[in-house]
Amino acid sequence: MAFEIDLSGKTAVITGSNSGIGLGVAIQLAKAGADIVLNSFSDTPEDHALAASVADQTGVNVRYIQADMSKADQCRALIEKAGACDILVNNAGIQHVAGIPDFPVEKWDAIIAINMSSAFHTSAIAMPMMRAAGWGRIVNIASAHGLTASPYKSAYVAAKHGVVGLTKVTALETAKDPITCNAICPGYVLTPIVEKQIPDTMKEYNMSKEDVIENILLARQPSKEFATVEQVGGNVVFLCSDAAEQVTGTTISVDGGWTAL
Ligand code: NAD
């Protein structure tokens, strides 16, 4: 039996998708035929132009819906406004780096809300819609930091471990439904969230950009290569395929061997 991946007729909602991995995932899902809902907290002409450009590139229907993933009611409203949600990709995320005694409380709260709790809120609305539609896929973008830890990233590591736990519970609660839930755990992908960390790290270690990339960022990534947004998107498309029908409650690492160490 040959497995073909045709997502036409499905609607995919990707949180935090006006840049980086979220946008890369949206484009791969669109290329597989899914209609797309892009999201972020902003509501600019550029956001809407981006939706039009993804539609032009791929030929599917693309909408942009503003919603702040740090707010429970807006997470829930995003899925309601989408009207359909066959594929939910919980991707929105932020980072802050500081030791625990100095970690700002508002940063802790924001990271837990955006990186973890938003996936609970969107899933809570999407699950009944998927059950009614008779098909659904939830893909949570966790991280290698959902499986391992690094110092100074307490909130991020806690949130991403939480997302992996939520993924397992969601899979168990939907095990008898034609719905799956999995997490993708990328290692380092060169997106704005990572690029923002480079200047501070250069200053902290008095290193060049190249040294920071090779010896700090990719220190734990044995391939010594960044993963790409296209690769993460391709894995999301695989999880939406018939071949992945019995793949649920697990993690796929896209990390160049990081978690094998
Ligand atoms: P990014 O900064 O390019 O993208 C983050 C996205 O989240 C943006 O679209 C941003 O607008 C959105 N966002 C931030 N706060 C939001 C809010 N309150 N409401 C709605 N949207 C919000 O970073 P990225 O690297 O593409 O990260 C995407 C996800 O992938 C994150 O969850 C991140 O933790 C995870 N991840 C990234 C890497 C990496 O190396 N880049 C590795 C592992 C996991």
# chains A, B, ... in the order shown; residues from 1 in each chain; ligands from 1
>>> residues_near_ligand(ligand="ligand 1", cutoff="8 Å", atoms="only C-alpha atoms and all ligand atoms", output="PyMOL selection string")
chain A and resi 15-23+39-42+66-71+90-95+110+114-115+141-145+156+160+185-194+226-227+229
>>> select_by_dssp(residues="segment 166-223 of chain A", states="strand (DSSP E)", output="tab-separated table (two decimals) with N, CA, C and O atoms, in the first residue's frame")
chain	number	residue	atom	x	y	z
A	179	ILE	N	-8.04	10.53	16.21
A	179	ILE	CA	-7.28	11.76	16.50
A	179	ILE	C	-5.94	11.32	17.08
A	179	ILE	O	-5.89	10.37	17.87
A	180	THR	N	-4.87	11.99	16.70
A	180	THR	CA	-3.58	11.71	17.35
A	180	THR	C	-3.01	13.00	17.91
A	180	THR	O	-3.37	14.10	17.47
A	181	CYS	N	-2.12	12.84	18.88
A	181	CYS	CA	-1.41	14.00	19.43
A	181	CYS	C	0.03	13.60	19.67
A	181	CYS	O	0.30	12.61	20.36
A	182	ASN	N	0.94	14.35	19.10
A	182	ASN	CA	2.37	14.09	19.25
A	182	ASN	C	3.12	15.40	19.43
A	182	ASN	O	2.59	16.47	19.12
A	183	ALA	N	4.35	15.28	19.90
A	183	ALA	CA	5.19	16.47	20.03
A	183	ALA	C	6.41	16.32	19.13
A	183	ALA	O	6.95	15.22	18.99
A	184	ILE	N	6.81	17.41	18.53
A	184	ILE	CA	8.09	17.44	17.80
A	184	ILE	C	9.07	18.21	18.67
A	184	ILE	O	8.74	19.26	19.24
A	185	CYS	N	10.27	17.63	18.82
A	185	CYS	CA	11.28	18.23	19.69
A	185	CYS	C	12.49	18.66	18.85
A	185	CYS	O	13.44	17.88	18.68
A	186	PRO	N	12.45	19.88	18.33
A	186	PRO	CA	13.60	20.33	17.55
A	186	PRO	C	14.79	20.64	18.45
A	186	PRO	O	14.64	21.08	19.58
>>> closest_residue(among="A:Gly233, A:Gly136, A:Lys196, A:Leu217", to="Lys31 of chain A", atoms="only C-alpha atoms")
A:Gly233
>>> residues_around(residues="Leu261 of chain A", least_positions_apart="3", cutoff="10 Å", atoms="only C-alpha atoms", output="PyMOL selection string")
chain A and resi 220-222+257-258
>>> residues_around(residues="Ala158 of chain A", least_positions_apart="5", cutoff="9 Å", atoms="only C-alpha atoms", output="PyMOL selection string")
chain A and resi 112+116+145-146+149+153+163
>>> atom_distance(atom1="atom CA of Leu166 of chain A", atom2="atom CA of Ile5 of chain A")
26.6 Å
>>> residues_around(residues="Thr174 of chain A", least_positions_apart="6", cutoff="12 Å", atoms="only C-alpha atoms", output="PyMOL selection string")
chain A and resi 123-124+126-128+130-131+134-138+167-168+180-182+246+248-249
>>> write_last_selection(atoms="N, CA, C and O atoms", output="PDB file, in the first residue's frame")
ATOM      1  N   SER A 123      -6.253  23.158  22.608  1.00  0.00           N
ATOM      2  CA  SER A 123      -6.663  21.748  22.482  1.00  0.00           C
ATOM      3  C   SER A 123      -8.055  21.536  23.072  1.00  0.00           C
ATOM      4  O   SER A 123      -8.844  20.728  22.551  1.00  0.00           O
ATOM      5  N   ALA A 124      -8.347  22.247  24.170  1.00  0.00           N
ATOM      6  CA  ALA A 124      -9.650  22.071  24.833  1.00  0.00           C
ATOM      7  C   ALA A 124     -10.796  22.415  23.890  1.00  0.00           C
ATOM      8  O   ALA A 124     -11.862  21.789  23.929  1.00  0.00           O
ATOM      9  N   ALA A 126     -10.329  22.568  20.402  1.00  0.00           N
ATOM     10  CA  ALA A 126     -10.166  21.814  19.140  1.00  0.00           C
ATOM     11  C   ALA A 126     -10.611  20.354  19.271  1.00  0.00           C
ATOM     12  O   ALA A 126     -11.157  19.789  18.313  1.00  0.00           O
ATOM     13  N   MET A 127     -10.390  19.735  20.431  1.00  0.00           N
ATOM     14  CA  MET A 127     -10.699  18.290  20.553  1.00  0.00           C
ATOM     15  C   MET A 127     -12.159  17.956  20.229  1.00  0.00           C
ATOM     16  O   MET A 127     -12.419  17.043  19.427  1.00  0.00           O
ATOM     17  N   PRO A 128     -13.134  18.688  20.799  1.00  0.00           N
ATOM     18  CA  PRO A 128     -14.529  18.369  20.434  1.00  0.00           C
ATOM     19  C   PRO A 128     -14.817  18.613  18.952  1.00  0.00           C
ATOM     20  O   PRO A 128     -15.599  17.883  18.338  1.00  0.00           O
ATOM     21  N   MET A 130     -12.645  18.213  16.504  1.00  0.00           N
ATOM     22  CA  MET A 130     -12.046  17.078  15.783  1.00  0.00           C
ATOM     23  C   MET A 130     -12.919  15.832  15.926  1.00  0.00           C
ATOM     24  O   MET A 130     -13.117  15.080  14.968  1.00  0.00           O
ATOM     25  N   ARG A 131     -13.448  15.623  17.144  1.00  0.00           N
ATOM     26  CA  ARG A 131     -14.337  14.459  17.348  1.00  0.00           C
ATOM     27  C   ARG A 131     -15.559  14.577  16.447  1.00  0.00           C
ATOM     28  O   ARG A 131     -15.960  13.603  15.800  1.00  0.00           O
ATOM     29  N   GLY A 134     -14.653  13.821  12.950  1.00  0.00           N
ATOM     30  CA  GLY A 134     -14.239  12.433  12.722  1.00  0.00           C
ATOM     31  C   GLY A 134     -12.784  12.285  12.305  1.00  0.00           C
ATOM     32  O   GLY A 134     -12.382  11.240  11.788  1.00  0.00           O
ATOM     33  N   TRP A 135     -11.962  13.263  12.573  1.00  0.00           N
ATOM     34  CA  TRP A 135     -10.519  13.194  12.234  1.00  0.00           C
ATOM     35  C   TRP A 135      -9.824  14.386  12.879  1.00  0.00           C
ATOM     36  O   TRP A 135     -10.378  15.486  12.915  1.00  0.00           O
ATOM     37  N   GLY A 136      -8.633  14.156  13.375  1.00  0.00           N
ATOM     38  CA  GLY A 136      -7.887  15.296  13.916  1.00  0.00           C
ATOM     39  C   GLY A 136      -6.435  14.964  14.191  1.00  0.00           C
ATOM     40  O   GLY A 136      -6.086  13.795  14.445  1.00  0.00           O
ATOM     41  N   ARG A 137      -5.624  15.959  14.105  1.00  0.00           N
ATOM     42  CA  ARG A 137      -4.189  15.831  14.424  1.00  0.00           C
ATOM     43  C   ARG A 137      -3.780  17.028  15.283  1.00  0.00           C
ATOM     44  O   ARG A 137      -3.997  18.179  14.882  1.00  0.00           O
ATOM     45  N   ILE A 138      -3.181  16.738  16.436  1.00  0.00           N
ATOM     46  CA  ILE A 138      -2.608  17.806  17.261  1.00  0.00           C
ATOM     47  C   ILE A 138      -1.102  17.584  17.302  1.00  0.00           C
ATOM     48  O   ILE A 138      -0.643  16.471  17.614  1.00  0.00           O
ATOM     49  N   THR A 167       1.048  16.352  25.892  1.00  0.00           N
ATOM     50  CA  THR A 167       0.940  15.572  24.648  1.00  0.00           C
ATOM     51  C   THR A 167       0.502  14.139  24.967  1.00  0.00           C
ATOM     52  O   THR A 167      -0.379  13.568  24.298  1.00  0.00           O
ATOM     53  N   LYS A 168       1.120  13.546  26.001  1.00  0.00           N
ATOM     54  CA  LYS A 168       0.785  12.151  26.359  1.00  0.00           C
ATOM     55  C   LYS A 168      -0.661  12.048  26.855  1.00  0.00           C
ATOM     56  O   LYS A 168      -1.389  11.122  26.489  1.00  0.00           O
ATOM     57  N   THR A 180      -4.867  11.992  16.697  1.00  0.00           N
ATOM     58  CA  THR A 180      -3.581  11.711  17.349  1.00  0.00           C
ATOM     59  C   THR A 180      -3.012  13.003  17.907  1.00  0.00           C
ATOM     60  O   THR A 180      -3.368  14.100  17.473  1.00  0.00           O
ATOM     61  N   CYS A 181      -2.123  12.843  18.880  1.00  0.00           N
ATOM     62  CA  CYS A 181      -1.410  14.003  19.431  1.00  0.00           C
ATOM     63  C   CYS A 181       0.034  13.604  19.675  1.00  0.00           C
ATOM     64  O   CYS A 181       0.299  12.608  20.362  1.00  0.00           O
ATOM     65  N   ASN A 182       0.938  14.349  19.096  1.00  0.00           N
ATOM     66  CA  ASN A 182       2.373  14.086  19.254  1.00  0.00           C
ATOM     67  C   ASN A 182       3.118  15.400  19.434  1.00  0.00           C
ATOM     68  O   ASN A 182       2.587  16.471  19.115  1.00  0.00           O
ATOM     69  N   GLN A 246      -1.299   5.451  13.779  1.00  0.00           N
ATOM     70  CA  GLN A 246      -1.088   4.808  15.086  1.00  0.00           C
ATOM     71  C   GLN A 246       0.093   5.415  15.847  1.00  0.00           C
ATOM     72  O   GLN A 246       0.547   4.854  16.843  1.00  0.00           O
ATOM     73  N   THR A 248       0.953   8.024  18.235  1.00  0.00           N
ATOM     74  CA  THR A 248       0.313   9.005  19.120  1.00  0.00           C
ATOM     75  C   THR A 248       0.932   8.959  20.514  1.00  0.00           C
ATOM     76  O   THR A 248       1.397   7.909  20.966  1.00  0.00           O
ATOM     77  N   GLY A 249       0.992  10.113  21.130  1.00  0.00           N
ATOM     78  CA  GLY A 249       1.509  10.209  22.502  1.00  0.00           C
ATOM     79  C   GLY A 249       3.019  10.157  22.587  1.00  0.00           C
ATOM     80  O   GLY A 249       3.585   9.915  23.647  1.00  0.00           O
TER      81      GLY A 249
END
>>> closest_residue(among="A:Val169, A:Val13, A:Val139, A:Ala219", to="Asn235 of chain A", atoms="only C-alpha atoms")
A:Val139
>>> residues_around(residues="Val62 of chain A", least_positions_apart="4", cutoff="7 Å", atoms="only C-alpha atoms", output="MDAnalysis selection string")
chainID A and resid 35:37 51:52 54:55
>>> select_by_dssp(residues="segment 10-257 of chain A", states="alpha helix (DSSP H)", output="PyMOL selection string")
chain A and resi 20-31+45-58+72-82+105-111+118-133+154-173+192-195+197-205+209-211+229-239
>>> write_last_selection(atoms="C-alpha atoms", output="CSV table (one decimal), in the first residue's frame")
chain,number,residue,atom,x,y,z
A,20,GLY,CA,10.2,31.0,12.1
A,21,ILE,CA,9.1,27.4,12.6
A,22,GLY,CA,5.4,28.2,12.7
A,23,LEU,CA,5.5,29.8,9.3
A,24,GLY,CA,7.7,27.0,7.9
A,25,VAL,CA,5.2,24.4,9.2
A,26,ALA,CA,2.3,26.4,7.7
A,27,ILE,CA,3.9,26.4,4.3
A,28,GLN,CA,4.6,22.7,4.3
A,29,LEU,CA,1.0,22.0,5.4
A,30,ALA,CA,-0.3,24.3,2.7
A,31,LYS,CA,1.9,22.5,0.1
A,45,PRO,CA,-0.7,44.9,7.4
A,46,GLU,CA,2.4,42.7,7.1
A,47,ASP,CA,0.7,39.9,8.9
A,48,HIS,CA,-2.2,40.0,6.4
A,49,ALA,CA,0.2,40.4,3.5
A,50,LEU,CA,2.0,37.3,4.7
A,51,ALA,CA,-1.2,35.3,4.6
A,52,ALA,CA,-1.9,36.5,1.0
A,53,SER,CA,1.7,35.6,0.0
A,54,VAL,CA,1.4,32.0,1.4
A,55,ALA,CA,-1.9,31.7,-0.4
A,56,ASP,CA,-0.3,32.9,-3.7
A,57,GLN,CA,2.7,30.5,-3.2
A,58,THR,CA,0.6,27.4,-2.5
A,72,ALA,CA,-6.6,31.9,27.9
A,73,ASP,CA,-9.7,33.5,26.4
A,74,GLN,CA,-7.8,34.5,23.2
A,75,CYS,CA,-6.3,31.0,22.8
A,76,ARG,CA,-9.8,29.6,22.9
A,77,ALA,CA,-11.3,32.4,20.7
A,78,LEU,CA,-8.6,31.6,18.0
A,79,ILE,CA,-10.0,28.1,17.5
A,80,GLU,CA,-13.6,29.3,17.7
A,81,LYS,CA,-12.9,32.0,15.1
A,82,ALA,CA,-11.1,29.5,12.8
A,105,VAL,CA,8.5,36.6,37.6
A,106,GLU,CA,6.7,38.2,34.7
A,107,LYS,CA,9.0,36.3,32.2
A,108,TRP,CA,8.3,33.0,34.1
A,109,ASP,CA,4.5,33.6,33.9
A,110,ALA,CA,4.7,34.6,30.2
A,111,ILE,CA,6.8,31.6,29.2
A,118,SER,CA,-1.8,27.9,25.3
A,119,ALA,CA,-1.6,24.3,24.1
A,120,PHE,CA,-4.1,23.2,26.8
A,121,HIS,CA,-6.5,26.0,25.9
A,122,THR,CA,-6.4,25.5,22.1
A,123,SER,CA,-6.7,21.7,22.5
A,124,ALA,CA,-9.7,22.1,24.8
A,125,ILE,CA,-11.7,23.8,22.1
A,126,ALA,CA,-10.2,21.8,19.1
A,127,MET,CA,-10.7,18.3,20.6
A,128,PRO,CA,-14.5,18.4,20.4
A,129,MET,CA,-14.4,19.9,16.9
A,130,MET,CA,-12.0,17.1,15.8
A,131,ARG,CA,-14.3,14.5,17.3
A,132,ALA,CA,-17.3,16.0,15.5
A,133,ALA,CA,-15.4,16.1,12.2
A,154,SER,CA,14.1,27.2,33.9
A,155,ALA,CA,10.8,28.5,32.6
A,156,TYR,CA,11.4,27.3,29.0
A,157,VAL,CA,12.6,23.8,30.1
A,158,ALA,CA,9.7,23.5,32.6
A,159,ALA,CA,7.2,24.6,30.0
A,160,LYS,CA,8.5,22.3,27.3
A,161,HIS,CA,8.6,19.3,29.6
A,162,GLY,CA,5.0,20.3,30.5
A,163,VAL,CA,4.1,20.2,26.8
A,164,VAL,CA,5.5,16.7,26.4
A,165,GLY,CA,3.4,15.6,29.4
A,166,LEU,CA,0.3,17.3,28.0
A,167,THR,CA,0.9,15.6,24.6
A,168,LYS,CA,0.8,12.2,26.4
A,169,VAL,CA,-2.4,13.0,28.2
A,170,THR,CA,-4.1,14.4,25.1
A,171,ALA,CA,-3.1,11.2,23.2
A,172,LEU,CA,-4.6,9.0,25.9
A,173,GLU,CA,-7.8,11.0,26.0
A,192,PRO,CA,14.5,34.8,15.2
A,193,ILE,CA,14.1,33.2,18.7
A,194,VAL,CA,17.7,31.8,18.4
A,195,GLU,CA,19.2,34.7,16.5
A,197,GLN,CA,20.3,34.9,21.8
A,198,ILE,CA,23.5,35.3,19.7
A,199,PRO,CA,24.6,38.9,20.5
A,200,ASP,CA,24.2,38.4,24.3
A,201,THR,CA,26.1,35.1,24.2
A,202,MET,CA,28.9,36.7,22.1
A,203,LYS,CA,29.2,39.4,24.8
A,204,GLU,CA,29.0,36.9,27.7
A,205,TYR,CA,31.7,34.6,26.4
A,209,LYS,CA,29.3,34.8,16.1
A,210,GLU,CA,30.9,31.7,14.4
A,211,ASP,CA,32.3,30.5,17.7
A,229,VAL,CA,12.0,25.0,9.5
A,230,GLU,CA,11.2,22.9,6.4
A,231,GLN,CA,12.4,19.7,8.2
A,232,VAL,CA,10.2,20.5,11.2
A,233,GLY,CA,7.3,21.2,8.8
A,234,GLY,CA,7.9,17.9,6.9
A,235,ASN,CA,7.6,16.0,10.2
A,236,VAL,CA,4.3,17.7,10.9
A,237,VAL,CA,3.0,16.7,7.5
A,238,PHE,CA,4.1,13.1,8.2
A,239,LEU,CA,2.2,13.1,11.5
>>> atom_distance(atom1="atom CA of Cys85 of chain A", atom2="atom CA of Asp255 of chain A")
28.2 Å
>>> atom_distance(atom1="atom CA of Met1 of chain A", atom2="atom CA of Ala244 of chain A")
13.9 Å
